[in-house]
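Quick look at my_file-v4.csv (CSV, C-alpha atoms):
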```
chain,number,residue,atom,x,y,z
A,1,MET,CA,3.6,-1.0,-69.8
A,2,ILE,CA,5.4,-4.1,-70.9
A,3,PHE,CA,7.8,-1.9,-72.8
A,4,PHE,CA,8.5,0.2,-69.7
A,5,LEU,CA,9.1,-2.9,-67.6
A,6,LEU,CA,11.4,-4.4,-70.2
A,7,SER,CA,13.5,-1.2,-70.7
A,8,ALA,CA,13.5,-0.5,-66.9
A,9,ALA,CA,14.9,-4.0,-66.3
A,10,VAL,CA,17.6,-3.6,-68.9
A,11,PHE,CA,18.5,-0.1,-67.7
A,12,GLY,CA,18.6,-1.3,-64.1
A,13,GLY,CA,20.8,-4.3,-65.0
A,14,VAL,CA,23.3,-2.2,-67.0
A,15,TYR,CA,23.3,0.5,-64.3
A,16,LEU,CA,24.1,-1.9,-61.5
A,17,TRP,CA,26.8,-3.5,-63.7
A,18,GLY,CA,28.3,0.0,-64.2
A,19,LEU,CA,28.1,0.7,-60.5
A,20,LYS,CA,30.1,-2.4,-59.7
A,21,GLY,CA,33.0,-1.2,-61.9
A,22,LEU,CA,33.3,2.1,-60.1
A,23,PRO,CA,36.3,2.6,-57.7
A,24,PRO,CA,35.3,2.8,-54.1
A,25,MET,CA,34.4,6.4,-53.0
A,26,GLY,CA,37.5,8.5,-52.3
A,27,HIS,CA,39.9,6.2,-54.2
A,28,TYR,CA,41.0,8.0,-57.3
A,29,ARG,CA,42.7,5.7,-59.8
A,30,GLY,CA,44.1,7.9,-62.6
A,31,PRO,CA,47.7,9.2,-62.4
A,32,TYR,CA,47.1,12.8,-63.7
A,33,GLY,CA,45.3,14.2,-60.7
A,34,ASP,CA,48.0,13.1,-58.3
A,35,VAL,CA,50.8,14.2,-60.6
A,36,LEU,CA,49.2,17.7,-61.0
A,37,ASN,CA,48.7,18.0,-57.2
A,38,GLN,CA,52.4,17.4,-56.8
A,39,VAL,CA,53.8,19.7,-59.5
A,40,ALA,CA,51.2,22.5,-60.2
A,41,THR,CA,52.2,24.7,-57.3
A,42,TYR,CA,55.8,24.4,-58.1
A,43,GLU,CA,55.4,24.8,-61.9
A,44,ARG,CA,52.8,27.6,-62.0
A,45,HIS,CA,53.0,29.2,-58.6
A,46,VAL,CA,49.3,28.7,-57.9
A,47,THR,CA,47.4,27.2,-55.0
A,48,ASP,CA,44.1,26.4,-56.6
A,49,ILE,CA,45.0,23.4,-58.8
A,50,VAL,CA,41.5,23.3,-60.4
A,51,THR,CA,42.0,26.8,-61.9
A,52,ALA,CA,45.5,25.8,-63.0
A,53,VAL,CA,44.1,22.8,-64.9
A,54,ASN,CA,41.2,24.8,-66.4
A,55,PHE,CA,43.2,27.8,-67.6
A,56,ASP,CA,46.6,26.4,-68.2
A,57,TYR,CA,47.1,22.6,-68.5
A,58,ARG,CA,43.9,22.2,-70.5
A,59,GLY,CA,43.5,25.9,-71.4
A,60,PHE,CA,42.5,25.0,-75.0
A,61,ASP,CA,39.5,23.0,-73.9
A,62,THR,CA,38.4,25.8,-71.7
A,63,LEU,CA,38.7,28.2,-74.7
A,64,GLY,CA,36.2,25.9,-76.5
A,65,GLU,CA,33.9,26.0,-73.5
A,66,GLU,CA,34.2,29.8,-73.4
A,67,PHE,CA,33.0,30.0,-77.0
A,68,ILE,CA,30.1,27.6,-76.3
A,69,LEU,CA,28.9,30.2,-73.8
A,70,PHE,CA,29.7,33.0,-76.2
A,71,MET,CA,27.7,31.4,-79.0
A,72,SER,CA,24.8,30.5,-76.7
A,73,VAL,CA,24.6,34.2,-75.6
A,74,VAL,CA,24.7,35.3,-79.3
A,75,GLY,CA,22.1,32.7,-80.2
A,76,GLY,CA,19.9,33.7,-77.2
A,77,THR,CA,19.9,37.4,-78.1
A,78,VAL,CA,19.3,36.6,-81.8
A,79,LEU,CA,16.2,34.5,-80.9
A,80,LEU,CA,14.9,37.1,-78.5
A,81,ARG,CA,15.3,40.1,-80.8
A,82,ARG,CA,12.3,42.2,-81.7
A,83,GLN,CA,10.7,40.7,-84.8
A,84,ARG,CA,8.7,42.2,-87.6
A,85,GLU,CA,5.3,41.7,-86.2
A,86,GLU,CA,6.3,42.8,-82.7
A,87,GLU,CA,6.6,46.2,-81.3
A,88,LYS,CA,7.8,47.9,-78.1
A,89,SER,CA,4.9,48.9,-75.9
A,90,GLU,CA,4.2,52.6,-76.5
A,91,HIS,CA,2.7,53.6,-73.2
A,92,LYS,CA,5.2,54.3,-70.5
A,93,ASP,CA,3.3,52.9,-67.6
A,94,GLN,CA,2.1,49.9,-69.6
A,95,ALA,CA,5.6,49.0,-70.6
A,96,LEU,CA,6.3,47.7,-67.1
A,97,SER,CA,3.0,46.0,-66.2
A,98,ASP,CA,0.3,43.9,-67.5
A,99,GLU,CA,-2.7,45.4,-69.2
A,100,SER,CA,-5.4,44.2,-66.9
A,101,PRO,CA,-5.2,45.8,-63.5
A,102,GLU,CA,-5.9,42.6,-61.6
A,103,ARG,CA,-2.9,40.9,-63.2
A,104,GLN,CA,-0.4,43.8,-62.4
A,105,ALA,CA,2.7,42.7,-60.7
A,106,PRO,CA,2.7,44.1,-57.1
A,107,GLU,CA,5.3,46.6,-56.2
A,108,PRO,CA,8.3,45.1,-54.4
A,109,SER,CA,7.9,45.5,-50.7
A,110,ASP,CA,10.1,47.7,-48.6
A,111,ALA,CA,11.8,44.6,-47.1
A,112,THR,CA,12.7,43.3,-50.6
A,113,ARG,CA,14.0,46.7,-51.6
A,114,VAL,CA,16.2,47.1,-48.6
A,115,LEU,CA,17.5,43.5,-48.8
A,116,THR,CA,18.3,43.6,-52.5
A,117,LEU,CA,19.9,47.1,-52.5
A,118,GLY,CA,21.9,46.2,-49.4
A,119,LEU,CA,23.2,43.1,-51.2
A,120,VAL,CA,24.3,44.7,-54.4
A,121,GLY,CA,27.4,46.2,-53.0
A,122,PRO,CA,28.8,43.2,-51.2
A,123,LEU,CA,27.9,41.0,-54.2
A,124,VAL,CA,30.0,43.2,-56.6
A,125,VAL,CA,32.9,43.1,-54.2
A,126,PHE,CA,32.6,39.4,-53.7
A,127,GLY,CA,32.4,38.8,-57.5
A,128,LEU,CA,35.5,40.9,-58.1
A,129,TYR,CA,37.3,39.1,-55.3
A,130,MET,CA,36.3,35.7,-56.9
A,131,VAL,CA,37.6,36.8,-60.3
A,132,ALA,CA,40.9,38.2,-59.0
A,133,HIS,CA,41.7,35.3,-56.6
A,134,GLY,CA,40.9,32.5,-59.0
A,135,GLN,CA,44.5,31.1,-58.8
A,136,LEU,CA,44.5,31.2,-55.0
A,137,THR,CA,41.2,30.0,-53.7
A,138,PRO,CA,38.2,28.1,-55.2
A,139,GLY,CA,36.4,30.1,-57.8
A,140,GLY,CA,37.7,32.0,-60.7
A,141,GLY,CA,36.6,33.9,-63.8
A,142,PHE,CA,33.5,31.9,-64.5
A,143,GLN,CA,32.1,31.8,-60.9
A,144,GLY,CA,33.1,35.4,-60.2
A,145,GLY,CA,31.5,36.5,-63.5
A,146,VAL,CA,28.2,34.9,-62.8
A,147,ILE,CA,28.2,36.4,-59.3
A,148,LEU,CA,28.8,39.9,-60.8
A,149,ALA,CA,26.0,39.4,-63.3
A,150,THR,CA,23.5,38.8,-60.4
A,151,ALA,CA,24.0,42.3,-59.2
A,152,PRO,CA,21.9,44.0,-61.9
A,153,LEU,CA,19.4,41.2,-61.5
A,154,LEU,CA,19.0,42.2,-57.8
A,155,VAL,CA,18.5,45.8,-58.9
A,156,TYR,CA,15.7,44.6,-61.2
A,157,LEU,CA,14.1,42.5,-58.3
A,158,GLY,CA,14.2,45.4,-55.9
A,159,GLY,CA,13.2,48.1,-58.5
A,160,ASP,CA,11.9,47.6,-62.0
A,161,LEU,CA,13.1,47.2,-65.6
A,162,LYS,CA,13.8,50.9,-65.9
A,163,LYS,CA,16.2,50.8,-63.0
A,164,PHE,CA,17.9,47.8,-64.6
A,165,LYS,CA,18.3,49.7,-67.8
A,166,GLN,CA,19.6,52.7,-66.0
A,167,ILE,CA,22.5,50.9,-64.5
A,168,THR,CA,23.5,48.7,-67.5
A,169,SER,CA,24.5,50.0,-70.8
A,170,HIS,CA,23.7,47.6,-73.6
A,171,THR,CA,26.5,48.8,-75.8
A,172,LEU,CA,29.1,48.6,-73.0
A,173,VAL,CA,28.0,45.1,-72.1
A,174,GLU,CA,28.3,44.0,-75.7
A,175,VAL,CA,31.8,45.4,-76.0
A,176,ALA,CA,32.8,43.8,-72.7
A,177,GLU,CA,31.4,40.5,-73.9
A,178,ALA,CA,33.5,40.6,-77.1
A,179,ALA,CA,36.5,42.0,-75.3
A,180,GLY,CA,36.4,39.1,-72.8
A,181,ALA,CA,36.1,36.4,-75.4
A,182,GLY,CA,38.7,38.0,-77.6
A,183,GLY,CA,41.0,38.6,-74.7
A,184,TYR,CA,41.3,34.9,-74.0
A,185,LEU,CA,42.2,34.3,-77.7
A,186,ALA,CA,44.7,37.1,-77.6
A,187,ILE,CA,46.4,35.9,-74.4
A,188,GLY,CA,46.7,32.5,-76.2
A,189,PHE,CA,48.4,34.1,-79.1
A,190,ALA,CA,51.0,35.8,-76.9
A,191,GLY,CA,52.4,32.3,-76.3
A,192,LEU,CA,52.7,31.7,-80.0
A,193,ILE,CA,54.4,35.1,-80.6
A,194,LEU,CA,57.0,34.5,-77.9
A,195,GLY,CA,58.1,31.3,-79.6
A,196,GLY,CA,56.1,28.7,-77.7
A,197,ALA,CA,52.8,26.8,-78.1
A,198,TYR,CA,49.4,28.4,-78.2
A,199,LEU,CA,48.2,29.4,-74.7
A,200,ARG,CA,51.7,28.7,-73.2
A,201,ASN,CA,52.1,30.4,-69.8
A,202,VAL,CA,54.4,33.2,-70.8
A,203,ALA,CA,53.7,35.9,-68.2
A,204,ALA,CA,55.8,36.3,-65.1
A,205,LEU,CA,54.7,33.7,-62.6
A,206,GLY,CA,55.1,35.9,-59.5
A,207,ARG,CA,55.3,34.6,-55.9
A,208,THR,CA,53.0,31.8,-54.8
A,209,GLY,CA,50.1,33.0,-52.8
A,210,MET,CA,50.2,36.6,-54.1
A,211,ILE,CA,47.4,38.0,-56.2
A,212,ASN,CA,49.6,38.6,-59.2
A,213,SER,CA,50.9,35.0,-59.2
A,214,GLY,CA,50.1,32.4,-61.9
A,215,GLY,CA,51.1,34.3,-65.0
A,216,THR,CA,48.6,34.0,-67.8
A,217,ILE,CA,46.2,32.1,-65.5
A,218,ALA,CA,45.4,35.3,-63.6
A,219,LEU,CA,45.0,37.2,-66.9
A,220,ILE,CA,42.8,34.6,-68.5
A,221,ASN,CA,40.7,34.6,-65.3
A,222,LEU,CA,40.1,38.3,-65.7
A,223,ALA,CA,39.1,37.9,-69.4
A,224,THR,CA,36.8,35.1,-68.5
A,225,GLY,CA,35.2,37.0,-65.7
A,226,LEU,CA,34.5,39.9,-68.1
A,227,GLU,CA,33.1,37.7,-70.7
A,228,VAL,CA,30.8,35.6,-68.4
A,229,ALA,CA,29.5,38.6,-66.5
A,230,ALA,CA,28.8,40.5,-69.7
A,231,GLY,CA,27.3,37.5,-71.3
A,232,PHE,CA,24.8,36.8,-68.5
A,233,VAL,CA,23.8,40.5,-68.3
A,234,LEU,CA,23.2,40.5,-72.0
A,235,LEU,CA,21.0,37.4,-71.8
A,236,LEU,CA,19.1,38.9,-68.8
A,237,TYR,CA,18.6,42.1,-70.8
A,238,ALA,CA,17.2,40.2,-73.8
A,239,PHE,CA,14.9,38.0,-71.6
A,240,LEU,CA,13.6,40.9,-69.6
A,241,GLU,CA,13.0,43.1,-72.6
A,242,GLN,CA,11.3,40.4,-74.5
A,243,THR,CA,9.1,39.4,-71.6
A,244,LEU,CA,8.1,42.8,-70.2
A,245,GLU,CA,8.2,45.3,-73.1
A,246,ILE,CA,7.8,43.6,-76.5
A,247,ARG,CA,4.3,42.5,-77.6
A,248,LEU,CA,2.6,41.6,-80.8
A,249,ARG,CA,1.8,44.5,-83.2
A,250,GLY,CA,-1.7,45.7,-82.8
A,251,GLY,CA,-2.3,43.8,-79.6
A,252,LYS,CA,-3.4,46.8,-77.7
B,1,MET,CA,31.8,12.7,-43.0
B,2,LEU,CA,30.3,9.6,-44.5
B,3,PHE,CA,27.0,10.3,-42.7
B,4,LEU,CA,27.0,13.8,-44.1
B,5,GLN,CA,27.6,12.5,-47.6
B,6,PHE,CA,24.8,9.9,-47.2
B,7,THR,CA,22.4,12.5,-45.9
B,8,ILE,CA,23.0,15.0,-48.7
B,9,LEU,CA,22.7,12.3,-51.4
B,10,THR,CA,19.4,11.3,-50.0
B,11,PHE,CA,18.3,14.9,-49.9
B,12,VAL,CA,19.3,15.3,-53.6
B,13,THR,CA,17.3,12.3,-54.6
B,14,VAL,CA,14.3,13.5,-52.7
B,15,THR,CA,14.3,17.0,-54.1
B,16,ALA,CA,15.0,15.8,-57.7
B,17,THR,CA,12.0,13.4,-57.4
B,18,ALA,CA,9.9,16.2,-56.1
B,19,VAL,CA,10.8,18.4,-59.0
B,20,VAL,CA,9.9,15.7,-61.5
B,21,LEU,CA,6.6,15.0,-59.8
B,22,THR,CA,5.6,18.7,-59.7
B,23,ARG,CA,3.3,19.3,-62.7
B,24,ASP,CA,2.8,23.0,-62.7
B,25,PRO,CA,5.8,24.6,-64.5
B,26,ALA,CA,5.8,27.8,-62.3
B,27,LYS,CA,5.9,25.7,-59.1
B,28,GLN,CA,8.5,23.5,-60.8
B,29,ALA,CA,10.8,26.5,-61.3
B,30,ILE,CA,10.7,27.3,-57.6
B,31,GLY,CA,11.4,23.6,-56.9
B,32,ILE,CA,14.3,23.5,-59.3
B,33,SER,CA,15.8,26.5,-57.5
B,34,PHE,CA,15.8,24.6,-54.2
B,35,TYR,CA,17.1,21.5,-55.9
B,36,GLY,CA,20.0,23.7,-57.3
B,37,LEU,CA,20.8,24.8,-53.8
B,38,VAL,CA,20.9,21.3,-52.5
B,39,MET,CA,23.1,20.3,-55.4
B,40,ALA,CA,25.5,23.1,-54.5
B,41,LEU,CA,25.6,21.8,-50.9
B,42,MET,CA,26.4,18.3,-52.2
B,43,PHE,CA,29.3,19.5,-54.3
B,44,PHE,CA,30.6,21.4,-51.3
B,45,ILE,CA,30.4,18.3,-49.1
B,46,PHE,CA,32.1,16.2,-51.7
B,47,GLN,CA,35.0,18.8,-51.7
B,48,ALA,CA,34.4,20.4,-55.0
B,49,PRO,CA,34.0,24.1,-54.0
B,50,ASP,CA,34.8,25.3,-57.5
B,51,VAL,CA,31.8,23.5,-58.9
B,52,ALA,CA,29.6,24.4,-55.9
B,53,LEU,CA,30.2,28.1,-56.6
B,54,SER,CA,29.1,27.9,-60.2
B,55,GLN,CA,26.1,25.6,-59.3
B,56,ILE,CA,24.8,27.9,-56.6
B,57,VAL,CA,24.4,30.9,-59.0
B,58,ILE,CA,23.4,29.0,-62.1
B,59,GLY,CA,21.2,26.4,-60.5
B,60,ALA,CA,19.5,28.4,-57.8
B,61,VAL,CA,19.2,31.8,-59.6
B,62,ALA,CA,19.8,31.9,-63.3
B,63,LEU,CA,18.0,28.8,-64.5
B,64,PRO,CA,14.7,29.3,-62.5
B,65,LEU,CA,14.6,32.9,-63.5
B,66,MET,CA,14.9,32.1,-67.2
B,67,ILE,CA,12.2,29.4,-66.9
B,68,LEU,CA,9.9,31.9,-65.1
B,69,LEU,CA,10.5,34.6,-67.7
B,70,ALA,CA,9.9,32.2,-70.6
B,71,LEU,CA,6.6,31.1,-68.9
B,72,THR,CA,5.5,34.7,-68.6
B,73,LYS,CA,6.3,35.4,-72.2
B,74,ILE,CA,4.4,32.3,-73.4
B,75,ARG,CA,1.3,33.3,-71.4
B,76,ARG,CA,1.5,36.8,-72.6
B,77,HIS,CA,1.8,35.7,-76.2
B,78,GLU,CA,-1.2,33.4,-76.0
B,79,GLU,CA,-3.3,36.3,-74.5
B,80,GLU,CA,-2.2,38.7,-77.2
B,81,GLN,CA,-3.1,36.2,-79.9
B,82,ARG,CA,-6.5,35.7,-78.4
B,83,GLU,CA,-7.1,39.4,-78.3
B,84,ARG,CA,-6.1,39.8,-81.8
B,85,LYS,CA,-8.5,37.1,-83.0
B,86,GLU,CA,-11.3,38.7,-81.0
B,87,LYS,CA,-10.6,42.1,-82.6
B,88,LYS,CA,-10.6,40.5,-86.1
B,89,SER,CA,-13.9,38.7,-85.6
B,90,ALA,CA,-15.6,41.8,-84.0
```

This structure in structure tokens:
Amino acid sequence: MIFFLLSAAVFGGVYLWGLKGLPPMGHYRGPYGDVLNQVATYERHVTDIVTAVNFDYRGFDTLGEEFILFMSVVGGTVLLRRQREEEKSEHKDQALSDESPERQAPEPSDATRVLTLGLVGPLVVFGLYMVAHGQLTPGGGFQGGVILATAPLLVYLGGDLKKFKQITSHTLVEVAEAAGAGGYLAIGFAGLILGGAYLRNVAALGRTGMINSGGTIALINLATGLEVAAGFVLLLYAFLEQTLEIRLRGGK
Amino acid sequence: MLFLQFTILTFVTVTATAVVLTRDPAKQAIGISFYGLVMALMFFIFQAPDVALSQIVIGAVALPLMILLALTKIRRHEEEQRERKEKKSA
């Protein structure tokens, strides 16, 4: 208890000291944000400055973040793979439910089914819109990709694991994941090949406000959207399979 | 605007404390989903719609789902091991 009080007092003191040094709310001190707000639309023909910063001005950092996600998906799937003492449940009906009848998951109600299936279409359209309009409105490859990945999840919620597997192809998702991550790298190399720096914005910038504006920003957005959507579906696939299908060998 | 910001910050604090004080992991997953939603609203009110969009999907959907799936797997694993032991001793 005395240790807690002591450390709490120290933490509280340092915390308050830190708070005192913060600029007042809404008063940004650094120069870069203001400069970028002035020049980004003119330089890159985009209207969402956040996307311009993420995929162009500090595109290399985002590449690193992209590969953090890539590696965590790879790590997740490796951890959740079927191991030597595990097996896939043999019985078809058992694969999707618990052994003891009183613990069986109830079938999704009609209301759930209608709601989830009705939402799948709009979600896919909204996700694609998000990915394609990253340089114009808030959102972009990452946000759009995650939204796209929730569509198969809704199918699982409204149906079952079998339906989820029917609409997603494991191979295709793996390829999409690799293509998305590799695409970002490749777009970066285009800058090098055309005689500039890595990730330099070399594509035609287009007219501000149009969907094809922004040059490589739009292209990288597409690659990121692909990678993120595929990565999350891959993770969901591994999690659902490990939870619902795989059990210890000789368990039952 | 300031009133809105103050309200949402209070709300974030309350929901975060509620998540920490919940002891049952399954209930906690539901709580953290609601907390994610409130966080997304906070980002939106503080004029960071890009962050809000990521937060709403990750915080309110993906994270609680993975927690719940992991919990199911752990419980299932324990059950299976118990069954295995019973089989061996029988």

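Counting all atoms listed in the file, every residue of chain A that comes within 6 Å of chain B is listed here: Pro138, Gly139, Gln143, Thr243 and Gly251 of chain A.
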
Q: Step by step: start from the point (19.0, 45.7, -56.2) in the file's coordinates, keep every protein, DNA or RNA residue that has an atom no farther than 10 Å from it, count only C-alpha atoms, and write the set as JSON, numbers by chain.
A: {"A": [112, 113, 114, 115, 116, 117, 118, 119, 120, 121, 150, 151, 152, 153, 154, 155, 156, 157, 158, 159, 160, 163, 164]}

Q.
For a quick check of understanding, using all atoms listed in the file, which of B:Met42, B:Lys88, B:Ala29, B:Val19 has the smallest distance to Pro64 (chain B)?
A. B:Ala29

Region 10-14 of chain B: which residues within 12 Å, counting only C-alpha atoms, same-chain residues fewer than 2 positions away excluded, as a PDB file with C-alpha atoms, keeping the file's coordinate frame?
```pdb
ATOM      1  CA  PHE B   3      27.000  10.300 -42.700  1.00  0.00           C
ATOM      2  CA  LEU B   4      27.000  13.800 -44.100  1.00  0.00           C
ATOM      3  CA  GLN B   5      27.600  12.500 -47.600  1.00  0.00           C
ATOM      4  CA  PHE B   6      24.800   9.900 -47.200  1.00  0.00           C
ATOM      5  CA  THR B   7      22.400  12.500 -45.900  1.00  0.00           C
ATOM      6  CA  ILE B   8      23.000  15.000 -48.700  1.00  0.00           C
ATOM      7  CA  ALA B  16      15.000  15.800 -57.700  1.00  0.00           C
ATOM      8  CA  THR B  17      12.000  13.400 -57.400  1.00  0.00           C
ATOM      9  CA  ALA B  18       9.900  16.200 -56.100  1.00  0.00           C
ATOM     10  CA  VAL B  19      10.800  18.400 -59.000  1.00  0.00           C
ATOM     11  CA  VAL B  20       9.900  15.700 -61.500  1.00  0.00           C
ATOM     12  CA  LEU B  21       6.600  15.000 -59.800  1.00  0.00           C
ATOM     13  CA  GLY B  31      11.400  23.600 -56.900  1.00  0.00           C
ATOM     14  CA  ILE B  32      14.300  23.500 -59.300  1.00  0.00           C
ATOM     15  CA  PHE B  34      15.800  24.600 -54.200  1.00  0.00           C
ATOM     16  CA  TYR B  35      17.100  21.500 -55.900  1.00  0.00           C
ATOM     17  CA  GLY B  36      20.000  23.700 -57.300  1.00  0.00           C
ATOM     18  CA  LEU B  37      20.800  24.800 -53.800  1.00  0.00           C
ATOM     19  CA  VAL B  38      20.900  21.300 -52.500  1.00  0.00           C
ATOM     20  CA  MET B  39      23.100  20.300 -55.400  1.00  0.00           C
ATOM     21  CA  ALA B  40      25.500  23.100 -54.500  1.00  0.00           C
ATOM     22  CA  LEU B  41      25.600  21.800 -50.900  1.00  0.00           C
ATOM     23  CA  MET B  42      26.400  18.300 -52.200  1.00  0.00           C
ATOM     24  CA  PHE B  43      29.300  19.500 -54.300  1.00  0.00           C
TER      25      PHE B  43
END
```

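For the set B:Ala60, B:Ala90, B:Ile45, B:Ile67, the residue with the smallest atom-to-atom gap to Leu9 (chain B) is B:Ile45, counting all atoms listed in the file.
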
Q | Coordinates-based distance that separates CA of Glu227 (chain A) from CA of Glu66 (chain A) (Å, one decimal) | A | 8.4 Å

(Q) Report, in Å to a single decimal, how far apart CA of Ala179 (chain A) and CA of Val202 (chain A) are. (A) 20.4 Å

Q: Could you check how far CA of Phe67 (chain A) sits from CA of Phe142 (chain A), in Å to one decimal?
A: 12.7 Å

(Q) I'd like the neighbourhood of region 30-41 of chain A as a list of chain:residue names, where a residue qualifies if any of its atoms comes within 9 Å (using all atoms listed in the file), though same-chain residues fewer than 5 positions away should be ignored. (A) A:Val46, A:Thr47, A:Asp48, A:Ile49, A:Ala52, A:Val53, A:Thr208
